[in-house]
Amino acid sequence: MGSVISSGRITGVAMETPELVVDSRAELGEGPVWDSMEGRLLWLDIVGGRVHSLDPLTGSDESIEAVPYVSSITPRKGGGFVLTAGHAVLAWDGESSAVLAEIEEPDGNRFNDAKCDASGRLWAGTMDMNEASPAGSLYMVSPDRSVRRMLGGLTVSNGIDWSPDGKTMYHADSPTGNVYAYDFRMEDGMIGRSRVFASIPHSQGFPDGLTVDSDGMVWIAQWGGWCVSRWSAEGRLMETVKLPVSHVSSCTFGGRKMDTLFITSARYGLSGGELRREPHAGSLFSVVPGAVGRQPHEFDG
Ligand code: BGC
Ligand code: CA
């Protein structure tokens, strides 16, 4: 094991030191998703409008221009991917894109994090690009491409995933500092009662992307908090993986054994002085924290 960077506050489990995987220095690294068919990690630069593809075996990372403000990439049943960007949900074959659905949103809003549930519906949130007005929503895009607004009043919709039994949906509205847990009905995607699952003090950043592992533990990227934190299903902080970059944006498990946690980060919003202090801001990191993730669900439409 590498040197211990953090010990579990409750469990005492040591974590390996995160490794710098790609010194990409992306403007807004985001949206990592494991592509098990190709054995690669796909991730994005939202501001750069690029999709990256990392082969973890060789460490080679290639990127191509996709669409401006591409904010999520999800595998699609039957091949290809679904992207969210701006106000559109797009089918993408790696070269060209076609609109699957569009949402009506204020001009200053754009799509942000999105993920599919186990029934193949895409859940995609929006945000105010100034991160100030609660004008964002969370949408459910069904396989028949109908779009339904499920939550409103969000400022920066982030961090979607589900418990392994599919009965709880985790979602963050970053500026509130909270990750909320919603009762979830997988049959029809209806969301019920909500409770605050995890509350992150502003001094430790804001909850951004998150992933739930196969034991139901929730891994939360802390934007402005220099870390990813692991929480039990009961909402207890278990441990913290520290990173050499402040704007930690998202994380997901991947690798042949699904035991590697890939972590994205951003330069976006950092001053010149801050960038000098954290030169690897915007780069991709990984750690093997002793947990196993789950394969992403595909969009069924
Ligand atoms: C958004 C960024 C935002 C960050 C923190 C990310 O999901 O894409 O634009 O700055 O969350 O709220
Ligand atoms: Ca995000």
# chains A, B, ... in the order shown; residues from 1 in each chain; ligands from 1

$ residues_around --residues "Arg294 in chain A" --least-positions-apart "3" --cutoff "9 Å" --atoms "only C-alpha atoms" --output "MDAnalysis selection string"
chainID A and resid 164 211:214 252:254 258 297

$ select_by_dssp --residues "range 56-294 of chain A" --states "alpha helix (DSSP H)" --output "PyMOL selection string"
chain A and resi 272-277

$ residues_near_ligand --ligand "ligand 2" --cutoff "6 Å" --atoms "only C-alpha atoms and all ligand atoms" --output "number ranges by chain"
A: 113, 158, 208-209, 249

$ write_last_selection --atoms "C-alpha atoms" --output "compact mmCIF listing (two decimals), in the first residue's frame"
# COMPACT_ATOMS: atom_id res chain seq x y z
CA ASP A 113 -24.66 16.27 -14.05
CA ASN A 158 -25.35 17.81 -9.08
CA ASP A 208 -20.58 17.98 -6.42
CA GLY A 209 -20.59 14.63 -8.28
CA SER A 249 -15.77 17.80 -9.25

$ closest_residue --among "A:Ser137, A:Thr17, A:Ser53, A:Ser271" --to "Trp34 in chain A" --atoms "only C-alpha atoms"
A:Ser53

$ residues_near_ligand --ligand "ligand 1" --cutoff "10 Å" --atoms "only C-alpha atoms and all ligand atoms" --output "compact mmCIF listing (two decimals) with N, CA, C and O atoms, in the first residue's frame"
# COMPACT_ATOMS: atom_id res chain seq x y z
N LEU A 28 -12.78 22.37 -16.88
CA LEU A 28 -13.81 21.85 -15.98
C LEU A 28 -13.95 20.34 -16.21
O LEU A 28 -14.84 19.87 -16.92
N GLY A 29 -12.99 19.59 -15.65
CA GLY A 29 -13.03 18.12 -15.73
C GLY A 29 -14.26 17.63 -14.98
O GLY A 29 -14.56 18.11 -13.89
N GLU A 30 -14.98 16.70 -15.57
CA GLU A 30 -16.29 16.29 -15.01
C GLU A 30 -16.73 14.95 -15.58
O GLU A 30 -16.07 14.38 -16.45
N GLY A 31 -17.88 14.49 -15.09
CA GLY A 31 -18.67 13.41 -15.68
C GLY A 31 -17.97 12.10 -15.97
O GLY A 31 -18.23 11.50 -17.02
N ASP A 45 -14.50 17.60 -20.44
CA ASP A 45 -14.18 18.98 -20.05
C ASP A 45 -15.40 19.80 -20.48
O ASP A 45 -15.58 20.04 -21.69
N ILE A 46 -16.23 20.17 -19.54
CA ILE A 46 -17.50 20.84 -19.88
C ILE A 46 -17.23 22.14 -20.62
O ILE A 46 -17.80 22.40 -21.69
N VAL A 47 -16.36 22.97 -20.08
CA VAL A 47 -16.09 24.28 -20.69
C VAL A 47 -15.40 24.10 -22.05
O VAL A 47 -15.70 24.80 -23.01
N TYR A 69 -20.22 22.83 -24.02
CA TYR A 69 -20.82 22.61 -22.71
C TYR A 69 -21.40 21.20 -22.52
O TYR A 69 -22.43 21.03 -21.89
N VAL A 70 -20.71 20.21 -23.09
CA VAL A 70 -21.14 18.83 -22.84
C VAL A 70 -20.99 18.56 -21.33
O VAL A 70 -19.93 18.73 -20.77
N SER A 71 -22.10 18.18 -20.68
CA SER A 71 -22.06 18.10 -19.22
C SER A 71 -22.19 16.68 -18.68
O SER A 71 -21.97 16.45 -17.49
N SER A 72 -22.57 15.73 -19.54
CA SER A 72 -22.60 14.33 -19.09
C SER A 72 -22.53 13.43 -20.31
O SER A 72 -22.92 13.82 -21.43
N ARG A 110 -27.84 25.89 -17.97
CA ARG A 110 -27.37 24.79 -18.82
C ARG A 110 -27.52 23.49 -18.08
O ARG A 110 -27.61 23.46 -16.85
N PHE A 111 -27.51 22.39 -18.86
CA PHE A 111 -27.48 21.07 -18.24
C PHE A 111 -26.20 20.92 -17.44
O PHE A 111 -25.15 21.48 -17.79
N ASN A 112 -26.29 20.10 -16.38
CA ASN A 112 -25.11 19.77 -15.58
C ASN A 112 -25.10 18.24 -15.42
O ASN A 112 -25.41 17.54 -16.38
N ASP A 113 -24.82 17.72 -14.23
CA ASP A 113 -24.66 16.27 -14.05
C ASP A 113 -25.92 15.50 -14.47
O ASP A 113 -27.03 15.97 -14.26
N ALA A 114 -25.72 14.29 -15.00
CA ALA A 114 -26.83 13.41 -15.38
C ALA A 114 -26.40 11.96 -15.22
O ALA A 114 -25.20 11.65 -15.31
N GLY A 125 -29.91 17.20 -14.53
CA GLY A 125 -30.22 18.45 -13.84
C GLY A 125 -29.67 19.65 -14.58
O GLY A 125 -28.80 19.52 -15.45
N THR A 126 -30.18 20.82 -14.24
CA THR A 126 -29.67 22.05 -14.83
C THR A 126 -29.15 22.97 -13.73
O THR A 126 -29.38 22.74 -12.53
N MET A 127 -28.45 24.01 -14.15
CA MET A 127 -27.88 24.97 -13.20
C MET A 127 -27.87 26.36 -13.81
O MET A 127 -27.83 26.52 -15.03
N ASP A 128 -27.90 27.35 -12.92
CA ASP A 128 -27.68 28.73 -13.32
C ASP A 128 -26.17 28.88 -13.53
O ASP A 128 -25.39 28.58 -12.61
N MET A 129 -25.75 29.31 -14.71
CA MET A 129 -24.31 29.39 -14.97
C MET A 129 -23.61 30.38 -14.05
O MET A 129 -22.40 30.30 -13.85
N ASN A 130 -24.36 31.32 -13.47
CA ASN A 130 -23.74 32.21 -12.47
C ASN A 130 -23.81 31.62 -11.07
O ASN A 130 -23.35 32.25 -10.10
N GLU A 131 -24.41 30.45 -10.95
CA GLU A 131 -24.51 29.74 -9.67
C GLU A 131 -25.17 30.60 -8.59
O GLU A 131 -24.76 30.57 -7.43
N THR A 155 -30.24 25.45 -7.71
CA THR A 155 -29.27 26.44 -8.20
C THR A 155 -28.19 25.74 -9.04
O THR A 155 -27.92 26.15 -10.16
N VAL A 156 -27.58 24.69 -8.49
CA VAL A 156 -26.59 23.89 -9.24
C VAL A 156 -26.91 22.41 -8.99
O VAL A 156 -26.47 21.83 -7.99
N SER A 157 -27.68 21.81 -9.89
CA SER A 157 -28.05 20.39 -9.73
C SER A 157 -26.81 19.52 -9.95
O SER A 157 -26.12 19.66 -10.94
N ASN A 158 -26.57 18.61 -9.04
CA ASN A 158 -25.35 17.81 -9.08
C ASN A 158 -25.58 16.43 -8.47
O ASN A 158 -26.61 16.16 -7.85
N GLY A 159 -24.56 15.58 -8.65
CA GLY A 159 -24.40 14.36 -7.86
C GLY A 159 -25.55 13.38 -7.81
O GLY A 159 -26.09 13.14 -6.74
N ALA A 172 -27.66 16.30 -5.15
CA ALA A 172 -27.13 17.48 -4.45
C ALA A 172 -27.56 18.75 -5.17
O ALA A 172 -27.64 18.78 -6.40
N ASP A 173 -27.84 19.77 -4.39
CA ASP A 173 -27.94 21.14 -4.95
C ASP A 173 -26.74 21.84 -4.29
O ASP A 173 -26.80 22.24 -3.12
N SER A 174 -25.64 21.96 -5.05
CA SER A 174 -24.33 22.29 -4.45
C SER A 174 -24.34 23.48 -3.49
O SER A 174 -23.82 23.36 -2.37
N PRO A 175 -24.91 24.65 -3.87
CA PRO A 175 -24.78 25.80 -2.96
C PRO A 175 -25.44 25.60 -1.59
O PRO A 175 -25.09 26.28 -0.63
N THR A 176 -26.39 24.67 -1.48
CA THR A 176 -27.02 24.42 -0.17
C THR A 176 -26.08 23.67 0.76
O THR A 176 -26.31 23.62 1.97
N GLY A 177 -25.03 23.05 0.21
CA GLY A 177 -24.11 22.24 1.01
C GLY A 177 -24.65 20.86 1.31
O GLY A 177 -24.01 20.06 1.99
N GLY A 205 -15.99 23.05 1.37
CA GLY A 205 -16.41 23.00 -0.03
C GLY A 205 -17.89 22.70 -0.17
O GLY A 205 -18.66 22.86 0.77
N PHE A 206 -18.25 22.24 -1.39
CA PHE A 206 -19.65 22.02 -1.74
C PHE A 206 -19.79 20.63 -2.37
O PHE A 206 -18.92 20.23 -3.14
N PRO A 207 -20.88 19.93 -2.06
CA PRO A 207 -21.04 18.60 -2.69
C PRO A 207 -21.23 18.74 -4.19
O PRO A 207 -22.04 19.53 -4.65
N ASP A 208 -20.46 17.95 -4.95
CA ASP A 208 -20.58 17.98 -6.42
C ASP A 208 -20.97 16.58 -6.89
O ASP A 208 -21.96 16.03 -6.39
N GLY A 209 -20.22 15.95 -7.79
CA GLY A 209 -20.59 14.63 -8.28
C GLY A 209 -20.49 13.58 -7.18
O GLY A 209 -19.74 13.76 -6.21
N ALA A 221 -17.69 14.00 -4.17
CA ALA A 221 -16.62 14.95 -4.53
C ALA A 221 -16.94 16.30 -3.89
O ALA A 221 -18.08 16.78 -3.99
N GLN A 222 -15.96 16.90 -3.24
CA GLN A 222 -16.18 18.18 -2.56
C GLN A 222 -15.48 19.32 -3.31
O GLN A 222 -14.28 19.53 -3.19
N TRP A 223 -16.27 20.05 -4.09
CA TRP A 223 -15.78 21.19 -4.87
C TRP A 223 -15.33 22.29 -3.90
O TRP A 223 -16.11 22.74 -3.08
N GLY A 224 -14.06 22.66 -3.97
CA GLY A 224 -13.53 23.65 -3.02
C GLY A 224 -13.09 23.01 -1.72
O GLY A 224 -12.64 23.71 -0.81
N HIS A 247 -10.72 22.11 -6.48
CA HIS A 247 -12.01 21.96 -7.15
C HIS A 247 -12.20 20.52 -7.62
O HIS A 247 -12.02 20.20 -8.79
N VAL A 248 -12.56 19.67 -6.67
CA VAL A 248 -12.78 18.25 -6.95
C VAL A 248 -14.24 18.13 -7.42
O VAL A 248 -15.16 18.52 -6.69
N SER A 249 -14.44 17.64 -8.65
CA SER A 249 -15.77 17.80 -9.25
C SER A 249 -16.61 16.53 -9.30
O SER A 249 -17.84 16.62 -9.24
N SER A 250 -15.98 15.37 -9.46
CA SER A 250 -16.80 14.15 -9.58
C SER A 250 -15.93 12.92 -9.38
O SER A 250 -14.70 13.00 -9.39
N SER A 265 -11.29 16.91 -11.70
CA SER A 265 -11.10 18.20 -11.02
C SER A 265 -11.13 19.33 -12.05
O SER A 265 -11.20 19.08 -13.25
N ALA A 266 -11.09 20.55 -11.55
CA ALA A 266 -11.25 21.72 -12.44
C ALA A 266 -10.29 22.85 -12.10
O ALA A 266 -9.86 23.01 -10.95
N ARG A 267 -9.99 23.63 -13.16
CA ARG A 267 -9.25 24.89 -12.95
C ARG A 267 -10.23 26.04 -12.84
O ARG A 267 -9.92 27.09 -12.31
N TYR A 268 -11.42 25.78 -13.40
CA TYR A 268 -12.48 26.78 -13.49
C TYR A 268 -12.71 27.46 -12.14
O TYR A 268 -12.87 26.79 -11.11
N GLY A 269 -12.69 28.79 -12.14
CA GLY A 269 -12.99 29.53 -10.91
C GLY A 269 -11.78 29.79 -10.03
O GLY A 269 -11.90 30.43 -8.98

$ closest_residue --among "A:Val218, A:Leu243, A:Cys227, A:Val21" --to "Gly293 in chain A" --atoms "only C-alpha atoms"
A:Val218

$ select_by_dssp --residues "range 157-256 of chain A" --states "strand (DSSP E)" --output "ChimeraX atom specification"
/A:157-162,168-173,178-185,190-199,206-212,218-223,227-231,237-242,248-254

$ residues_around --residues "Val141 in chain A" --least-positions-apart "5" --cutoff "10 Å" --atoms "only C-alpha atoms" --output "list in words"
Val89, Leu100, Ala101, Glu102, Cys116, Gly120, Arg121, Leu122, Trp123, Ala124, Ser146, Val147, Arg148, Arg149, Phe299 and Gly301 of chain A

$ write_last_selection --atoms "N, CA and C atoms" --output "CSV table (one decimal), in the first residue's frame"
chain,number,residue,atom,x,y,z
A,89,VAL,N,-30.6,17.1,-25.0
A,89,VAL,CA,-30.2,15.7,-24.8
A,89,VAL,C,-29.9,15.1,-26.2
A,100,LEU,N,-32.1,14.3,-29.2
A,100,LEU,CA,-33.2,13.3,-28.7
A,100,LEU,C,-34.3,14.1,-28.0
A,101,ALA,N,-34.0,15.1,-27.3
A,101,ALA,CA,-35.0,15.9,-26.5
A,101,ALA,C,-34.4,17.2,-26.2
A,102,GLU,N,-35.3,18.2,-26.0
A,102,GLU,CA,-34.9,19.5,-25.6
A,102,GLU,C,-35.7,20.0,-24.4
A,116,CYS,N,-28.2,7.6,-15.5
A,116,CYS,CA,-29.3,6.7,-15.7
A,116,CYS,C,-29.7,5.9,-14.5
A,120,GLY,N,-33.2,2.5,-17.0
A,120,GLY,CA,-32.8,3.1,-18.3
A,120,GLY,C,-33.3,4.5,-18.6
A,121,ARG,N,-33.8,5.2,-17.5
A,121,ARG,CA,-34.2,6.6,-17.7
A,121,ARG,C,-33.1,7.5,-17.3
A,122,LEU,N,-32.9,8.6,-18.1
A,122,LEU,CA,-31.8,9.5,-17.8
A,122,LEU,C,-32.4,10.6,-16.9
A,123,TRP,N,-31.6,10.8,-15.8
A,123,TRP,CA,-31.9,11.9,-14.8
A,123,TRP,C,-30.9,13.0,-15.1
A,124,ALA,N,-31.3,14.2,-15.5
A,124,ALA,CA,-30.4,15.2,-15.8
A,124,ALA,C,-30.8,16.6,-15.2
A,146,SER,N,-39.8,11.2,-23.7
A,146,SER,CA,-40.6,12.2,-23.0
A,146,SER,C,-39.8,12.8,-21.8
A,147,VAL,N,-40.0,14.1,-21.6
A,147,VAL,CA,-39.2,14.7,-20.5
A,147,VAL,C,-40.1,15.2,-19.5
A,148,ARG,N,-39.8,14.9,-18.2
A,148,ARG,CA,-40.7,15.3,-17.1
A,148,ARG,C,-39.8,16.1,-16.1
A,149,ARG,N,-40.3,17.2,-15.6
A,149,ARG,CA,-39.6,18.0,-14.6
A,149,ARG,C,-39.9,17.4,-13.3
A,299,PHE,N,-28.8,4.2,-21.1
A,299,PHE,CA,-30.1,4.8,-21.5
A,299,PHE,C,-30.8,3.9,-22.5
A,301,GLY,N,-33.3,4.3,-24.6
A,301,GLY,CA,-34.1,4.9,-25.6
A,301,GLY,C,-33.3,5.1,-26.9

$ closest_residue --among "A:Val67, A:Met37, A:Leu261, A:Ala118" --to "Gly290 in chain A" --atoms "only C-alpha atoms"
A:Leu261

$ atom_distance --atom1 "CA of Met217 in chain A" --atom2 "CA of His202 in chain A"
22.3 Å

$ closest_residue --among "A:Gly272, A:Gly282, A:Gly39, A:Pro32" --to "Lys115 in chain A" --atoms "only C-alpha atoms"
A:Pro32

$ decode --residues "range 276-291 of chain A" --atoms "all heavy atoms" --output "PDB file, in the first residue's frame"
ATOM      1  N   ARG A 276      -1.156  28.581  -9.315  1.00  0.00           N
ATOM      2  CA  ARG A 276       0.273  28.344  -9.061  1.00  0.00           C
ATOM      3  C   ARG A 276       0.448  27.397  -7.869  1.00  0.00           C
ATOM      4  O   ARG A 276       1.346  26.578  -7.845  1.00  0.00           O
ATOM      5  CB  ARG A 276       1.006  29.664  -8.821  1.00  0.00           C
ATOM      6  CG  ARG A 276       1.439  30.332 -10.140  1.00  0.00           C
ATOM      7  CD  ARG A 276       2.402  31.489  -9.909  1.00  0.00           C
ATOM      8  NE  ARG A 276       1.754  32.613  -9.254  1.00  0.00           N
ATOM      9  CZ  ARG A 276       0.966  33.494  -9.883  1.00  0.00           C
ATOM     10  NH1 ARG A 276       0.732  33.376 -11.178  1.00  0.00           N
ATOM     11  NH2 ARG A 276       0.404  34.491  -9.205  1.00  0.00           N
ATOM     12  N   ARG A 277      -0.453  27.518  -6.905  1.00  0.00           N
ATOM     13  CA  ARG A 277      -0.357  26.654  -5.718  1.00  0.00           C
ATOM     14  C   ARG A 277      -0.867  25.238  -5.978  1.00  0.00           C
ATOM     15  O   ARG A 277      -0.520  24.306  -5.276  1.00  0.00           O
ATOM     16  CB  ARG A 277      -1.129  27.278  -4.554  1.00  0.00           C
ATOM     17  CG  ARG A 277      -0.379  28.433  -3.883  1.00  0.00           C
ATOM     18  CD  ARG A 277      -1.022  28.827  -2.567  1.00  0.00           C
ATOM     19  NE  ARG A 277      -2.313  29.477  -2.745  1.00  0.00           N
ATOM     20  CZ  ARG A 277      -2.482  30.752  -3.075  1.00  0.00           C
ATOM     21  NH1 ARG A 277      -1.416  31.506  -3.274  1.00  0.00           N
ATOM     22  NH2 ARG A 277      -3.683  31.274  -3.212  1.00  0.00           N
ATOM     23  N   GLU A 278      -1.749  25.080  -6.981  1.00  0.00           N
ATOM     24  CA  GLU A 278      -2.262  23.742  -7.312  1.00  0.00           C
ATOM     25  C   GLU A 278      -2.164  23.525  -8.828  1.00  0.00           C
ATOM     26  O   GLU A 278      -3.153  23.542  -9.536  1.00  0.00           O
ATOM     27  CB  GLU A 278      -3.685  23.522  -6.799  1.00  0.00           C
ATOM     28  CG  GLU A 278      -4.634  24.693  -6.973  1.00  0.00           C
ATOM     29  CD  GLU A 278      -6.063  24.356  -6.520  1.00  0.00           C
ATOM     30  OE1 GLU A 278      -6.603  23.339  -6.982  1.00  0.00           O
ATOM     31  OE2 GLU A 278      -6.621  25.125  -5.738  1.00  0.00           O
ATOM     32  N   PRO A 279      -0.915  23.322  -9.288  1.00  0.00           N
ATOM     33  CA  PRO A 279      -0.678  23.244 -10.734  1.00  0.00           C
ATOM     34  C   PRO A 279      -1.440  22.118 -11.428  1.00  0.00           C
ATOM     35  O   PRO A 279      -1.672  22.192 -12.629  1.00  0.00           O
ATOM     36  CB  PRO A 279       0.833  23.036 -10.844  1.00  0.00           C
ATOM     37  CG  PRO A 279       1.262  22.546  -9.507  1.00  0.00           C
ATOM     38  CD  PRO A 279       0.322  23.167  -8.520  1.00  0.00           C
ATOM     39  N   HIS A 280      -1.812  21.085 -10.703  1.00  0.00           N
ATOM     40  CA  HIS A 280      -2.505  19.956 -11.351  1.00  0.00           C
ATOM     41  C   HIS A 280      -4.024  20.099 -11.334  1.00  0.00           C
ATOM     42  O   HIS A 280      -4.744  19.142 -11.653  1.00  0.00           O
ATOM     43  CB  HIS A 280      -2.081  18.635 -10.714  1.00  0.00           C
ATOM     44  CG  HIS A 280      -0.608  18.414 -10.792  1.00  0.00           C
ATOM     45  ND1 HIS A 280       0.058  18.320 -11.998  1.00  0.00           N
ATOM     46  CD2 HIS A 280       0.336  18.326  -9.827  1.00  0.00           C
ATOM     47  CE1 HIS A 280       1.348  18.161 -11.769  1.00  0.00           C
ATOM     48  NE2 HIS A 280       1.549  18.175 -10.466  1.00  0.00           N
ATOM     49  N   ALA A 281      -4.511  21.280 -10.973  1.00  0.00           N
ATOM     50  CA  ALA A 281      -5.965  21.510 -11.030  1.00  0.00           C
ATOM     51  C   ALA A 281      -6.453  21.186 -12.436  1.00  0.00           C
ATOM     52  O   ALA A 281      -5.814  21.554 -13.424  1.00  0.00           O
ATOM     53  CB  ALA A 281      -6.273  22.962 -10.690  1.00  0.00           C
ATOM     54  N   GLY A 282      -7.576  20.491 -12.526  1.00  0.00           N
ATOM     55  CA  GLY A 282      -8.133  20.116 -13.827  1.00  0.00           C
ATOM     56  C   GLY A 282      -7.659  18.754 -14.297  1.00  0.00           C
ATOM     57  O   GLY A 282      -8.055  18.294 -15.367  1.00  0.00           O
ATOM     58  N   SER A 283      -6.818  18.098 -13.502  1.00  0.00           N
ATOM     59  CA  SER A 283      -6.283  16.800 -13.911  1.00  0.00           C
ATOM     60  C   SER A 283      -7.123  15.666 -13.344  1.00  0.00           C
ATOM     61  O   SER A 283      -8.032  15.880 -12.543  1.00  0.00           O
ATOM     62  CB  SER A 283      -4.823  16.677 -13.460  1.00  0.00           C
ATOM     63  OG  SER A 283      -4.068  17.684 -14.127  1.00  0.00           O
ATOM     64  N   LEU A 284      -6.803  14.451 -13.795  1.00  0.00           N
ATOM     65  CA  LEU A 284      -7.556  13.259 -13.410  1.00  0.00           C
ATOM     66  C   LEU A 284      -6.718  12.433 -12.438  1.00  0.00           C
ATOM     67  O   LEU A 284      -5.535  12.183 -12.688  1.00  0.00           O
ATOM     68  CB  LEU A 284      -7.869  12.437 -14.664  1.00  0.00           C
ATOM     69  CG  LEU A 284      -8.694  11.178 -14.455  1.00  0.00           C
ATOM     70  CD1 LEU A 284     -10.166  11.525 -14.240  1.00  0.00           C
ATOM     71  CD2 LEU A 284      -8.569  10.259 -15.668  1.00  0.00           C
ATOM     72  N   PHE A 285      -7.352  11.993 -11.366  1.00  0.00           N
ATOM     73  CA  PHE A 285      -6.661  11.231 -10.322  1.00  0.00           C
ATOM     74  C   PHE A 285      -7.354   9.883 -10.142  1.00  0.00           C
ATOM     75  O   PHE A 285      -8.509   9.710 -10.539  1.00  0.00           O
ATOM     76  CB  PHE A 285      -6.699  11.997  -8.995  1.00  0.00           C
ATOM     77  CG  PHE A 285      -5.994  13.328  -9.058  1.00  0.00           C
ATOM     78  CD1 PHE A 285      -6.648  14.459  -9.531  1.00  0.00           C
ATOM     79  CD2 PHE A 285      -4.658  13.442  -8.689  1.00  0.00           C
ATOM     80  CE1 PHE A 285      -5.997  15.691  -9.625  1.00  0.00           C
ATOM     81  CE2 PHE A 285      -3.995  14.665  -8.773  1.00  0.00           C
ATOM     82  CZ  PHE A 285      -4.662  15.778  -9.244  1.00  0.00           C
ATOM     83  N   SER A 286      -6.642   8.926  -9.503  1.00  0.00           N
ATOM     84  CA  SER A 286      -7.312   7.673  -9.145  1.00  0.00           C
ATOM     85  C   SER A 286      -6.759   7.167  -7.829  1.00  0.00           C
ATOM     86  O   SER A 286      -5.648   7.513  -7.419  1.00  0.00           O
ATOM     87  CB  SER A 286      -7.128   6.619 -10.237  1.00  0.00           C
ATOM     88  OG  SER A 286      -5.835   6.076 -10.185  1.00  0.00           O
ATOM     89  N   VAL A 287      -7.562   6.331  -7.186  1.00  0.00           N
ATOM     90  CA  VAL A 287      -7.170   5.731  -5.924  1.00  0.00           C
ATOM     91  C   VAL A 287      -7.850   4.366  -5.852  1.00  0.00           C
ATOM     92  O   VAL A 287      -8.902   4.171  -6.481  1.00  0.00           O
ATOM     93  CB  VAL A 287      -7.577   6.673  -4.747  1.00  0.00           C
ATOM     94  CG1 VAL A 287      -9.083   6.779  -4.599  1.00  0.00           C
ATOM     95  CG2 VAL A 287      -6.950   6.277  -3.431  1.00  0.00           C
ATOM     96  N   VAL A 288      -7.227   3.418  -5.144  1.00  0.00           N
ATOM     97  CA  VAL A 288      -7.856   2.100  -4.949  1.00  0.00           C
ATOM     98  C   VAL A 288      -8.230   2.030  -3.473  1.00  0.00           C
ATOM     99  O   VAL A 288      -7.403   1.668  -2.633  1.00  0.00           O
ATOM    100  CB  VAL A 288      -6.889   0.961  -5.374  1.00  0.00           C
ATOM    101  CG1 VAL A 288      -7.559  -0.405  -5.190  1.00  0.00           C
ATOM    102  CG2 VAL A 288      -6.467   1.147  -6.829  1.00  0.00           C
ATOM    103  N   PRO A 289      -9.445   2.408  -3.145  1.00  0.00           N
ATOM    104  CA  PRO A 289      -9.769   2.627  -1.736  1.00  0.00           C
ATOM    105  C   PRO A 289     -10.318   1.418  -0.990  1.00  0.00           C
ATOM    106  O   PRO A 289     -10.764   1.554   0.154  1.00  0.00           O
ATOM    107  CB  PRO A 289     -10.842   3.723  -1.821  1.00  0.00           C
ATOM    108  CG  PRO A 289     -11.555   3.449  -3.092  1.00  0.00           C
ATOM    109  CD  PRO A 289     -10.551   2.810  -4.030  1.00  0.00           C
ATOM    110  N   GLY A 290     -10.303   0.218  -1.616  1.00  0.00           N
ATOM    111  CA  GLY A 290     -10.816  -0.948  -0.911  1.00  0.00           C
ATOM    112  C   GLY A 290     -12.332  -1.068  -0.995  1.00  0.00           C
ATOM    113  O   GLY A 290     -12.971  -1.558  -0.063  1.00  0.00           O
ATOM    114  N   ALA A 291     -12.907  -0.615  -2.084  1.00  0.00           N
ATOM    115  CA  ALA A 291     -14.347  -0.737  -2.315  1.00  0.00           C
ATOM    116  C   ALA A 291     -14.547  -1.079  -3.783  1.00  0.00           C
ATOM    117  O   ALA A 291     -13.627  -0.910  -4.589  1.00  0.00           O
ATOM    118  CB  ALA A 291     -15.047   0.575  -1.984  1.00  0.00           C
TER     119      ALA A 291
END
